[in-house]
Amino acid sequence: MAIEHSLQRKPLSLQIQRWIRRNGTGLLFISPWLIGFLCFTIGPFFSSIYLSFNSYDLVHAPHWVGSANYSTLLHDDPMFWTSLWVTVRYAAVSVPLGIIIGVALALLLNTKVKGQTIFRTIFYLPSIVPAVANAVVFSWILNPEIGLVNGILRAFGVEGPAWLNDTKWALWSLILMGLWSVGGSMVIYLAGLQDIPVHLYEAATLDGASAYQRLRKVTLPLLTPVIFFNLVMGIIGSFQYFTEAFIMTNGGPEGSTSFYALYLFQRAWQYLDMGYACAMAWIVFVVVMVITGIVFQSQKRWVHFGQ
Amino acid sequence: MFDGSGDPKSLGSSNVVRRLKAALGVVLLLGVIAVLAPPSDSERKYPNRIRVTFWHGFAGEWQPIYEGMADRFNASQTKYEVVPVSVPGDALTMKFLLSSAGGDTPDLLLNWDPILGTWADKGLIRSYDSVMTPAEKKKYLAETYPIVKRNGMYRGKIMALIDGLDFWAVYYRLDHLKEIGLDQNHLPKTLEELVDMGKKLDRFDDHHRLRRVGFLPQGLAGFVPVFGGTFNKDGHIVVNTPENLRAMRFLGESSKRLGNDNITRFTSSLAADAGPTMPLIAGNYSIMFDGEWRVKQVAQYKPDLPYIVAPMPAPAGGKPNACNTAPNYLVIPTAAKNPQGAWEFAKFCVGFTHPEDGGRNMAEMGWVPDDLSIAHSKSYQAYLKRYPQYKVFVDLMTSPNLGMFPQGSLQKFVMDEIQKAEDEVVRGTMTPEAGLAMVEKHLADEKQRLRRLGMPVGGSE
């Protein structure tokens, strides 16, 4: 108690000096990251708040316009709503679909079969292929005339759609393409599956539970923390969807793939409207925060942390 | 006093270890910085000369040609050294904007994006008037082809030198024409005749899928001058004019005839746009409305290809010898450190004061010269003799019916909107009237939005 008391009475400057002496070397070693984080993440993060209330073209000094960027976006920019709607539709389908396919794959690859590790590697590999390479390959796979998908369909007597050039199919093409890299989340589900205690399965089996009942009553409930994590990350990621759409469709055909991030990029870098783009970024930040908040609220009802 | 440390000796040695670690960290950090730092001037060939940094977007087969031009310039004088930097694709515009924001731009930049009006209005580039002598300016205004001046000048100032202006003309495959009993002496005299000829040359398979297209008109900007229209009038962008509407209708009708789905499937099956399998060589099209660069490509990859080039015939009420033009802008950034050196190199590139050098440069890149003295230079005449088909494009240079993309601050915005409208019209989801009305409305809305935000709306030519 006496020692604690004497520590509390030490002047702040001495405490800081002591803290620096203790942590200085460590901080120095991580300083490249720290400096980068402060300059390239925290700095732009806060300056973008200020810029969103300005008219700013990257070249001239920002010019204060108050809430004009926000009010224009919300009231006078139909493209803002179109792009938000496209992105919400994409998120609403791709995130649950990614979870279902990811969990299903993890369950399959969790079974003890010969060559299990090879299968896991095969399914994981696409997730580390760069997005640009994926986009280029899928542009060919989905080509209506010489593409692999329509080639296979044609072998069964079906004439496939024009995929990326068809307003009805373009968004679906990108959603389906997204499943190609589901291996990343699959690995996390696999880790989650292996964390489930074996004795629970043994007890369930002794109680006469069928395989389906074990899946429903043991596996899925205990996997919910991992599903919850992937759900949150999936929502955040889908609202930032950009690269594939930029390369493969550039918002077309007829605006059917005009994603929010694509429109933001266009405003910022093609029309030099950085203040407006910052306002767009903050609106989507709020939207993502609200959705994530709702998901966090809901987790009390469906996520089991094994208590 | 208790401070948690051990005896003084061990404290001393741990301090030494800490300092050593810190020093090692600093050395590592400096090492990383040294590796990532840009190369020093010691790698330059002429380190004692004034450095002129030049960014361009050429890659692949074009990069060595353009960089060879810089080498020739460096060898031709003793004051400047041009250091070319290839920044291909979309990165060029973005990199330049970032460099402008940071105040560290190149001295000269070549860009073919629709940037002139936007960059000029925002003060990103300086006028050539500031680096030209009065005599040079007089020569420019007197001798440069009018269409080059129109493309390079903005609000009455010379904002860019044009290093290569693209033109479009009609390429006919003579072997295909022979199939329908025609030859080079029986080319169409009107656009309507051209369309009829194209219909006869279309080829379908058993499932009515297109296997060859006689003639496929695409791109509103290319056909607007042919129908007598324009995007620029009295210093403003105009979109919804009767002539432009006729051009849009023409595109809509052409797409309807073949079927948009059929066209999409056909065009998606084509091989690369350049190289030995380019559509003209592969015979995917019998008639193409295409640019001057094809002449040199055909000569390179299939010199015996039977084809002929001619200007686009006018439709009823349209204009002859008409096409759109697309420039490569040579611009000097406002923050350039050596604008005078940039001007010297820009002059060399386009052959402004050295027609023979200019003729060679234009010939190597397969471009049309900026003025008559370069066109008449020995080097360029030798090029025309070697590629006689090219003369059609040189002759087009003096046509009064040449068009330009929309000019001004909003040129990129308008071109994107036109693209969207055209997409909807050729798909049949929007009428040509509604398409152009939509562009006009979006343009008006955008102007209003910019005014509200205190941003420049800009003018035109």
# chains A, B, ... in the order shown; residues from 1 in each chain; ligands from 1
$ interface_residues --of "chain B" --to "chain A" --cutoff "9 Å" --atoms "only C-alpha atoms" --output "PyMOL selection string"
chain B and resi 2+18-19+21-22+25-26+29+93-94+97-98+100-102+118+122-124+261+264-266+268-269+409-410+412-413+420-421+423-424+427+445+449+452-455
$ write_last_selection --atoms "N, CA, C and O atoms" --output "compact mmCIF listing (two decimals), in the first residue's frame"
# COMPACT_ATOMS: atom_id res chain seq x y z
N PHE B 2 12.48 2.56 -3.50
CA PHE B 2 12.22 1.39 -4.33
C PHE B 2 11.81 1.82 -5.74
O PHE B 2 10.86 2.59 -5.92
N ARG B 18 19.84 -1.34 -24.02
CA ARG B 18 18.70 -0.58 -24.56
C ARG B 18 19.16 0.41 -25.64
O ARG B 18 18.54 0.53 -26.69
N ARG B 19 20.25 1.11 -25.32
CA ARG B 19 20.72 2.11 -26.28
C ARG B 19 21.18 1.45 -27.58
O ARG B 19 20.95 1.95 -28.68
N LYS B 21 20.03 -1.32 -28.74
CA LYS B 21 18.81 -1.73 -29.45
C LYS B 21 18.20 -0.54 -30.20
O LYS B 21 17.77 -0.63 -31.34
N ALA B 22 18.16 0.60 -29.46
CA ALA B 22 17.59 1.81 -30.07
C ALA B 22 18.40 2.21 -31.29
O ALA B 22 17.83 2.55 -32.35
N GLY B 25 17.65 -0.03 -34.09
CA GLY B 25 16.35 0.33 -34.66
C GLY B 25 16.46 1.50 -35.61
O GLY B 25 15.90 1.48 -36.71
N VAL B 26 17.20 2.51 -35.19
CA VAL B 26 17.37 3.71 -36.03
C VAL B 26 18.08 3.33 -37.33
O VAL B 26 17.68 3.75 -38.43
N LEU B 29 15.72 1.55 -39.59
CA LEU B 29 14.76 2.50 -40.16
C LEU B 29 15.40 3.30 -41.30
O LEU B 29 14.81 3.44 -42.38
N THR B 93 -3.08 10.33 -64.25
CA THR B 93 -3.88 11.48 -63.81
C THR B 93 -3.86 11.59 -62.28
O THR B 93 -3.65 12.67 -61.72
N MET B 94 -4.07 10.45 -61.62
CA MET B 94 -4.14 10.47 -60.17
C MET B 94 -2.80 10.87 -59.55
O MET B 94 -2.74 11.66 -58.61
N LEU B 97 -2.32 14.59 -59.91
CA LEU B 97 -3.13 15.36 -58.97
C LEU B 97 -2.49 15.36 -57.58
O LEU B 97 -2.44 16.39 -56.90
N LEU B 98 -2.02 14.19 -57.17
CA LEU B 98 -1.37 14.11 -55.85
C LEU B 98 -0.10 14.94 -55.83
O LEU B 98 0.19 15.61 -54.84
N SER B 100 0.48 17.55 -57.58
CA SER B 100 0.09 18.96 -57.56
C SER B 100 -0.30 19.39 -56.15
O SER B 100 0.04 20.49 -55.70
N ALA B 101 -1.05 18.51 -55.47
CA ALA B 101 -1.46 18.83 -54.09
C ALA B 101 -0.22 19.00 -53.21
O ALA B 101 -0.19 19.84 -52.31
N GLY B 102 0.82 18.22 -53.50
CA GLY B 102 2.05 18.30 -52.71
C GLY B 102 3.03 19.32 -53.24
O GLY B 102 4.09 19.54 -52.64
N THR B 118 -10.66 21.08 -67.28
CA THR B 118 -10.69 20.91 -65.82
C THR B 118 -9.38 21.39 -65.21
O THR B 118 -9.38 22.16 -64.25
N LYS B 122 -8.79 24.86 -62.93
CA LYS B 122 -8.34 24.70 -61.54
C LYS B 122 -6.91 25.23 -61.34
O LYS B 122 -6.36 25.12 -60.25
N GLY B 123 -6.32 25.75 -62.40
CA GLY B 123 -4.98 26.32 -62.27
C GLY B 123 -3.89 25.28 -62.09
O GLY B 123 -2.81 25.58 -61.56
N LEU B 124 -4.15 24.07 -62.54
CA LEU B 124 -3.14 23.01 -62.39
C LEU B 124 -2.05 23.11 -63.45
O LEU B 124 -0.94 22.61 -63.26
N ASP B 261 -28.12 -7.82 -77.82
CA ASP B 261 -27.55 -9.02 -77.21
C ASP B 261 -26.59 -9.70 -78.19
O ASP B 261 -25.50 -10.14 -77.81
N THR B 264 -23.43 -7.65 -78.33
CA THR B 264 -22.62 -7.82 -77.12
C THR B 264 -21.85 -9.13 -77.16
O THR B 264 -20.66 -9.19 -76.86
N ARG B 265 -22.55 -10.18 -77.56
CA ARG B 265 -21.89 -11.50 -77.63
C ARG B 265 -20.79 -11.49 -78.69
O ARG B 265 -19.71 -12.04 -78.47
N PHE B 266 -21.10 -10.88 -79.81
CA PHE B 266 -20.10 -10.84 -80.89
C PHE B 266 -18.85 -10.06 -80.47
O PHE B 266 -17.72 -10.56 -80.58
N SER B 268 -17.79 -9.33 -77.54
CA SER B 268 -17.06 -9.93 -76.42
C SER B 268 -16.20 -11.11 -76.85
O SER B 268 -15.32 -11.54 -76.12
N SER B 269 -16.50 -11.64 -78.03
CA SER B 269 -15.72 -12.80 -78.48
C SER B 269 -14.47 -12.39 -79.26
O SER B 269 -13.66 -13.23 -79.62
N SER B 409 -14.57 22.51 -67.82
CA SER B 409 -14.39 21.85 -66.52
C SER B 409 -15.18 20.56 -66.40
O SER B 409 -14.78 19.64 -65.72
N LEU B 410 -16.33 20.54 -67.07
CA LEU B 410 -17.21 19.39 -66.89
C LEU B 410 -17.07 18.35 -67.99
O LEU B 410 -17.94 17.51 -68.17
N LYS B 412 -15.23 15.68 -68.46
CA LYS B 412 -15.22 14.27 -68.04
C LYS B 412 -16.62 13.85 -67.60
O LYS B 412 -17.10 12.77 -67.95
N PHE B 413 -17.27 14.73 -66.84
CA PHE B 413 -18.62 14.44 -66.37
C PHE B 413 -19.56 14.23 -67.56
O PHE B 413 -20.31 13.25 -67.61
N LYS B 420 -23.28 6.83 -70.69
CA LYS B 420 -24.40 6.15 -70.03
C LYS B 420 -25.65 6.21 -70.90
O LYS B 420 -26.37 5.22 -71.07
N ALA B 421 -25.92 7.41 -71.46
CA ALA B 421 -27.11 7.58 -72.29
C ALA B 421 -27.02 6.69 -73.53
O ALA B 421 -28.00 6.02 -73.90
N ASP B 423 -25.39 3.96 -73.87
CA ASP B 423 -25.55 2.57 -73.43
C ASP B 423 -27.04 2.23 -73.34
O ASP B 423 -27.47 1.16 -73.79
N GLU B 424 -27.82 3.14 -72.77
CA GLU B 424 -29.25 2.87 -72.61
C GLU B 424 -29.97 2.89 -73.96
O GLU B 424 -30.88 2.10 -74.20
N ARG B 427 -29.24 -0.25 -75.96
CA ARG B 427 -29.90 -1.41 -75.34
C ARG B 427 -31.41 -1.36 -75.54
O ARG B 427 -32.11 -2.31 -75.21
N ASP B 445 -28.04 19.98 -63.63
CA ASP B 445 -28.03 19.70 -62.18
C ASP B 445 -26.61 19.81 -61.62
O ASP B 445 -26.41 20.33 -60.53
N ARG B 449 -25.18 22.26 -58.81
CA ARG B 449 -24.53 21.71 -57.61
C ARG B 449 -23.17 22.38 -57.39
O ARG B 449 -22.83 22.77 -56.27
N ARG B 452 -23.55 25.88 -56.14
CA ARG B 452 -23.95 25.88 -54.73
C ARG B 452 -22.73 25.64 -53.83
O ARG B 452 -22.64 26.16 -52.73
N LEU B 453 -21.79 24.83 -54.33
CA LEU B 453 -20.61 24.51 -53.52
C LEU B 453 -19.46 25.47 -53.79
O LEU B 453 -18.34 25.25 -53.33
N GLY B 454 -19.71 26.48 -54.59
CA GLY B 454 -18.68 27.48 -54.86
C GLY B 454 -17.55 26.98 -55.72
O GLY B 454 -16.42 27.47 -55.62
N MET B 455 -17.82 26.00 -56.56
CA MET B 455 -16.77 25.45 -57.44
C MET B 455 -16.95 25.99 -58.86
O MET B 455 -18.07 26.30 -59.27
$ select_by_dssp --residues "segment 28-271 of chain A" --states "strand (DSSP E)" --output "list in words"
Asn54, Ser55, His63 and Trp64 of chain A
$ atom_distance --atom1 "atom CA of Met248 of chain B" --atom2 "atom CA of Leu194 of chain B"
17.3 Å
$ residues_around --residues "Ile188 of chain A" --least-positions-apart "3" --cutoff "9 Å" --atoms "only C-alpha atoms" --output "list in words"
Ala106, Gly183, Gly184, Ser185, Ala191, Gly192, Leu193, Val226 and Asn230 of chain A
$ write_last_selection --atoms "N, CA and C atoms" --output "compact mmCIF listing (two decimals), in the first residue's frame"
# COMPACT_ATOMS: atom_id res chain seq x y z
N ALA A 106 -16.42 -25.39 -44.60
CA ALA A 106 -15.64 -25.71 -43.40
C ALA A 106 -16.11 -27.03 -42.80
N GLY A 183 -12.69 -18.83 -49.25
CA GLY A 183 -11.72 -19.64 -48.49
C GLY A 183 -11.15 -18.92 -47.28
N GLY A 184 -11.05 -17.61 -47.35
CA GLY A 184 -10.50 -16.83 -46.23
C GLY A 184 -11.35 -17.01 -44.97
N SER A 185 -12.66 -16.84 -45.13
CA SER A 185 -13.54 -17.00 -43.96
C SER A 185 -13.68 -18.48 -43.59
N ALA A 191 -11.22 -23.14 -37.87
CA ALA A 191 -10.60 -22.96 -36.55
C ALA A 191 -11.66 -22.99 -35.47
N GLY A 192 -12.82 -22.34 -35.77
CA GLY A 192 -13.93 -22.32 -34.81
C GLY A 192 -14.46 -23.73 -34.57
N LEU A 193 -14.57 -24.50 -35.63
CA LEU A 193 -15.09 -25.87 -35.50
C LEU A 193 -14.17 -26.72 -34.63
N VAL A 226 -17.88 -17.12 -34.26
CA VAL A 226 -17.09 -16.96 -35.48
C VAL A 226 -17.98 -16.42 -36.61
N ASN A 230 -17.42 -12.97 -38.74
CA ASN A 230 -17.39 -12.89 -40.21
C ASN A 230 -18.54 -12.04 -40.76
$ residues_around --residues "Val298 of chain B" --least-positions-apart "4" --cutoff "9 Å" --atoms "only C-alpha atoms" --output "NGL selection string"
:B and (275-276 or 278 or 280-281 or 293-294 or 302-305)
$ residues_around --residues "Thr144 of chain B" --least-positions-apart "4" --cutoff "7 Å" --atoms "only C-alpha atoms" --output "VMD selection string"
chain B and resid 140 148 to 149 370 to 371
$ residues_around --residues "Cys278 of chain A" --least-positions-apart "2" --cutoff "7 Å" --atoms "only C-alpha atoms" --output "ChimeraX atom specification"
/A:48,51-52,274-276,280-282
$ atom_distance --atom1 "atom CA of Gly157 of chain A" --atom2 "atom CA of Leu179 of chain A"
25.5 Å
$ select_by_dssp --residues "segment 42-242 of chain A" --states "alpha helix (DSSP H)" --output "ChimeraX atom specification"
/A:43-51,68-76,78-109,116-124,131-141,148-155,170-178,183-194,198-206,211-214,220-238
$ closest_residue --among "B:Ala135, B:Met159, B:Ala221, B:Ala314" --to "Leu245 of chain B" --atoms "only C-alpha atoms"
B:Ala221
$ residues_around --residues "Ala444 of chain B" --least-positions-apart "6" --cutoff "12 Å" --atoms "only C-alpha atoms" --output "tab-separated table (two decimals) with N, CA, C and O atoms, in the first residue's frame"
chain	number	residue	atom	x	y	z
B	236	HIS	N	-19.71	27.04	-74.58
B	236	HIS	CA	-20.46	26.19	-73.65
B	236	HIS	C	-20.63	24.79	-74.23
B	236	HIS	O	-20.59	24.61	-75.45
B	237	ILE	N	-20.86	23.86	-73.35
B	237	ILE	CA	-21.12	22.49	-73.80
B	237	ILE	C	-22.59	22.39	-74.20
B	237	ILE	O	-23.47	22.81	-73.45
B	238	VAL	N	-22.83	21.85	-75.39
B	238	VAL	CA	-24.21	21.60	-75.82
B	238	VAL	C	-24.36	20.10	-76.10
B	238	VAL	O	-23.43	19.47	-76.59
B	239	VAL	N	-25.50	19.58	-75.79
B	239	VAL	CA	-25.70	18.14	-75.96
B	239	VAL	C	-26.92	17.85	-76.82
B	239	VAL	O	-26.84	17.15	-77.83
B	410	LEU	N	-16.33	20.54	-67.07
B	410	LEU	CA	-17.21	19.39	-66.89
B	410	LEU	C	-17.07	18.35	-67.99
B	410	LEU	O	-17.94	17.51	-68.17
B	413	PHE	N	-17.27	14.73	-66.84
B	413	PHE	CA	-18.62	14.44	-66.37
B	413	PHE	C	-19.56	14.23	-67.56
B	413	PHE	O	-20.31	13.25	-67.61
B	414	VAL	N	-19.51	15.14	-68.52
B	414	VAL	CA	-20.42	15.06	-69.67
B	414	VAL	C	-20.13	13.80	-70.49
B	414	VAL	O	-21.05	13.10	-70.92
B	417	GLU	N	-21.64	10.91	-68.84
B	417	GLU	CA	-23.10	10.92	-68.97
B	417	GLU	C	-23.52	10.52	-70.39
B	417	GLU	O	-24.50	9.80	-70.57
B	437	ALA	N	-31.91	14.14	-73.50
B	437	ALA	CA	-32.56	15.02	-72.51
B	437	ALA	C	-32.01	14.70	-71.11
B	437	ALA	O	-31.81	15.61	-70.30
B	438	MET	N	-31.76	13.42	-70.86
B	438	MET	CA	-31.23	13.02	-69.55
B	438	MET	C	-29.83	13.63	-69.34
B	438	MET	O	-29.54	14.17	-68.26
B	450	LEU	N	-22.41	22.53	-58.49
B	450	LEU	CA	-21.09	23.15	-58.37
B	450	LEU	C	-21.21	24.60	-57.92
B	450	LEU	O	-20.42	25.06	-57.09
B	451	ARG	N	-22.18	25.31	-58.47
B	451	ARG	CA	-22.37	26.72	-58.07
B	451	ARG	C	-22.69	26.80	-56.58
B	451	ARG	O	-22.18	27.65	-55.86
B	457	VAL	N	-17.59	26.33	-62.74
B	457	VAL	CA	-18.37	25.58	-63.72
B	457	VAL	C	-17.61	25.54	-65.04
B	457	VAL	O	-17.66	24.57	-65.78
$ closest_residue --among "B:Leu220, B:Ile332, B:Met365, B:Ile263" --to "Val425 of chain B" --atoms "only C-alpha atoms"
B:Leu220
$ closest_atom_pairs --of "segment 191-257 of chain A" --to "segment 127-138 of chain A" --cutoff "10 Å" --atoms "only C-alpha atoms" --output "Markdown table"
| residue | atom | partner | partner_atom | distance |
| --- | --- | --- | --- | --- |
| A:Phe242 | CA | A:Ala131 | CA | 9.7 |
| A:Thr243 | CA | A:Ala131 | CA | 6.6 |
| A:Glu244 | CA | A:Ala135 | CA | 5.4 |
| A:Ala245 | CA | A:Ala135 | CA | 8.4 |
| A:Phe246 | CA | A:Ala135 | CA | 9.3 |
| A:Ile247 | CA | A:Ala135 | CA | 6.7 |
| A:Met248 | CA | A:Ala135 | CA | 6.3 |
| A:Thr249 | CA | A:Ala135 | CA | 9.9 |
$ write_last_selection --atoms "all heavy atoms" --output "PDB file, in the first residue's frame"
ATOM      1  N   PHE A 242     -15.066  -2.495 -54.409  1.00  0.00           N
ATOM      2  CA  PHE A 242     -14.624  -1.551 -55.436  1.00  0.00           C
ATOM      3  C   PHE A 242     -13.883  -2.218 -56.605  1.00  0.00           C
ATOM      4  O   PHE A 242     -14.301  -2.120 -57.754  1.00  0.00           O
ATOM      5  CB  PHE A 242     -13.711  -0.495 -54.791  1.00  0.00           C
ATOM      6  CG  PHE A 242     -13.087   0.454 -55.760  1.00  0.00           C
ATOM      7  CD1 PHE A 242     -13.823   1.495 -56.307  1.00  0.00           C
ATOM      8  CD2 PHE A 242     -11.761   0.303 -56.153  1.00  0.00           C
ATOM      9  CE1 PHE A 242     -13.251   2.373 -57.222  1.00  0.00           C
ATOM     10  CE2 PHE A 242     -11.185   1.171 -57.067  1.00  0.00           C
ATOM     11  CZ  PHE A 242     -11.934   2.211 -57.599  1.00  0.00           C
ATOM     12  N   THR A 243     -12.780  -2.903 -56.286  1.00  0.00           N
ATOM     13  CA  THR A 243     -11.817  -3.299 -57.329  1.00  0.00           C
ATOM     14  C   THR A 243     -12.454  -4.056 -58.492  1.00  0.00           C
ATOM     15  O   THR A 243     -12.266  -3.686 -59.663  1.00  0.00           O
ATOM     16  CB  THR A 243     -10.695  -4.155 -56.702  1.00  0.00           C
ATOM     17  OG1 THR A 243     -10.225  -3.500 -55.544  1.00  0.00           O
ATOM     18  CG2 THR A 243      -9.554  -4.354 -57.671  1.00  0.00           C
ATOM     19  N   GLU A 244     -13.185  -5.118 -58.185  1.00  0.00           N
ATOM     20  CA  GLU A 244     -13.738  -5.954 -59.247  1.00  0.00           C
ATOM     21  C   GLU A 244     -14.713  -5.156 -60.116  1.00  0.00           C
ATOM     22  O   GLU A 244     -14.691  -5.257 -61.347  1.00  0.00           O
ATOM     23  CB  GLU A 244     -14.437  -7.193 -58.664  1.00  0.00           C
ATOM     24  CG  GLU A 244     -13.488  -8.202 -58.034  1.00  0.00           C
ATOM     25  CD  GLU A 244     -13.158  -7.888 -56.584  1.00  0.00           C
ATOM     26  OE1 GLU A 244     -13.479  -6.764 -56.123  1.00  0.00           O
ATOM     27  OE2 GLU A 244     -12.570  -8.746 -55.901  1.00  0.00           O
ATOM     28  N   ALA A 245     -15.553  -4.350 -59.455  1.00  0.00           N
ATOM     29  CA  ALA A 245     -16.526  -3.552 -60.211  1.00  0.00           C
ATOM     30  C   ALA A 245     -15.816  -2.518 -61.077  1.00  0.00           C
ATOM     31  O   ALA A 245     -16.213  -2.262 -62.220  1.00  0.00           O
ATOM     32  CB  ALA A 245     -17.500  -2.869 -59.262  1.00  0.00           C
ATOM     33  N   PHE A 246     -14.753  -1.946 -60.555  1.00  0.00           N
ATOM     34  CA  PHE A 246     -13.995  -0.932 -61.294  1.00  0.00           C
ATOM     35  C   PHE A 246     -13.384  -1.541 -62.557  1.00  0.00           C
ATOM     36  O   PHE A 246     -13.425  -0.950 -63.636  1.00  0.00           O
ATOM     37  CB  PHE A 246     -12.902  -0.366 -60.383  1.00  0.00           C
ATOM     38  CG  PHE A 246     -12.050   0.701 -61.016  1.00  0.00           C
ATOM     39  CD1 PHE A 246     -12.603   1.908 -61.398  1.00  0.00           C
ATOM     40  CD2 PHE A 246     -10.697   0.501 -61.217  1.00  0.00           C
ATOM     41  CE1 PHE A 246     -11.817   2.900 -61.977  1.00  0.00           C
ATOM     42  CE2 PHE A 246      -9.907   1.480 -61.787  1.00  0.00           C
ATOM     43  CZ  PHE A 246     -10.476   2.683 -62.175  1.00  0.00           C
ATOM     44  N   ILE A 247     -12.850  -2.744 -62.422  1.00  0.00           N
ATOM     45  CA  ILE A 247     -12.163  -3.363 -63.554  1.00  0.00           C
ATOM     46  C   ILE A 247     -13.153  -4.022 -64.518  1.00  0.00           C
ATOM     47  O   ILE A 247     -13.030  -3.888 -65.737  1.00  0.00           O
ATOM     48  CB  ILE A 247     -11.150  -4.415 -63.052  1.00  0.00           C
ATOM     49  CG1 ILE A 247     -10.037  -3.721 -62.269  1.00  0.00           C
ATOM     50  CG2 ILE A 247     -10.567  -5.227 -64.206  1.00  0.00           C
ATOM     51  CD1 ILE A 247      -9.171  -4.653 -61.487  1.00  0.00           C
ATOM     52  N   MET A 248     -14.145  -4.705 -63.974  1.00  0.00           N
ATOM     53  CA  MET A 248     -14.982  -5.553 -64.834  1.00  0.00           C
ATOM     54  C   MET A 248     -16.186  -4.849 -65.450  1.00  0.00           C
ATOM     55  O   MET A 248     -16.566  -5.149 -66.571  1.00  0.00           O
ATOM     56  CB  MET A 248     -15.455  -6.771 -64.043  1.00  0.00           C
ATOM     57  CG  MET A 248     -14.286  -7.651 -63.591  1.00  0.00           C
ATOM     58  SD  MET A 248     -14.778  -8.899 -62.420  1.00  0.00           S
ATOM     59  CE  MET A 248     -15.564 -10.096 -63.491  1.00  0.00           C
ATOM     60  N   THR A 249     -16.805  -3.945 -64.723  1.00  0.00           N
ATOM     61  CA  THR A 249     -18.032  -3.335 -65.258  1.00  0.00           C
ATOM     62  C   THR A 249     -18.002  -1.807 -65.235  1.00  0.00           C
ATOM     63  O   THR A 249     -18.768  -1.183 -65.954  1.00  0.00           O
ATOM     64  CB  THR A 249     -19.257  -3.777 -64.436  1.00  0.00           C
ATOM     65  OG1 THR A 249     -19.061  -3.366 -63.075  1.00  0.00           O
ATOM     66  CG2 THR A 249     -19.451  -5.279 -64.493  1.00  0.00           C
TER      67      THR A 249
END
$ atom_distance --atom1 "atom CA of Leu251 of chain B" --atom2 "atom CA of Leu216 of chain B"
8.9 Å
$ closest_residue --among "B:Pro64, B:Ser399, B:Tyr383, B:Thr241" --to "Pro311 of chain B" --atoms "only C-alpha atoms"
B:Ser399
$ closest_residue --among "A:Ser47, A:Thr117, A:Asn23, A:Gln17" --to "Pro62 of chain A" --atoms "only C-alpha atoms"
A:Ser47
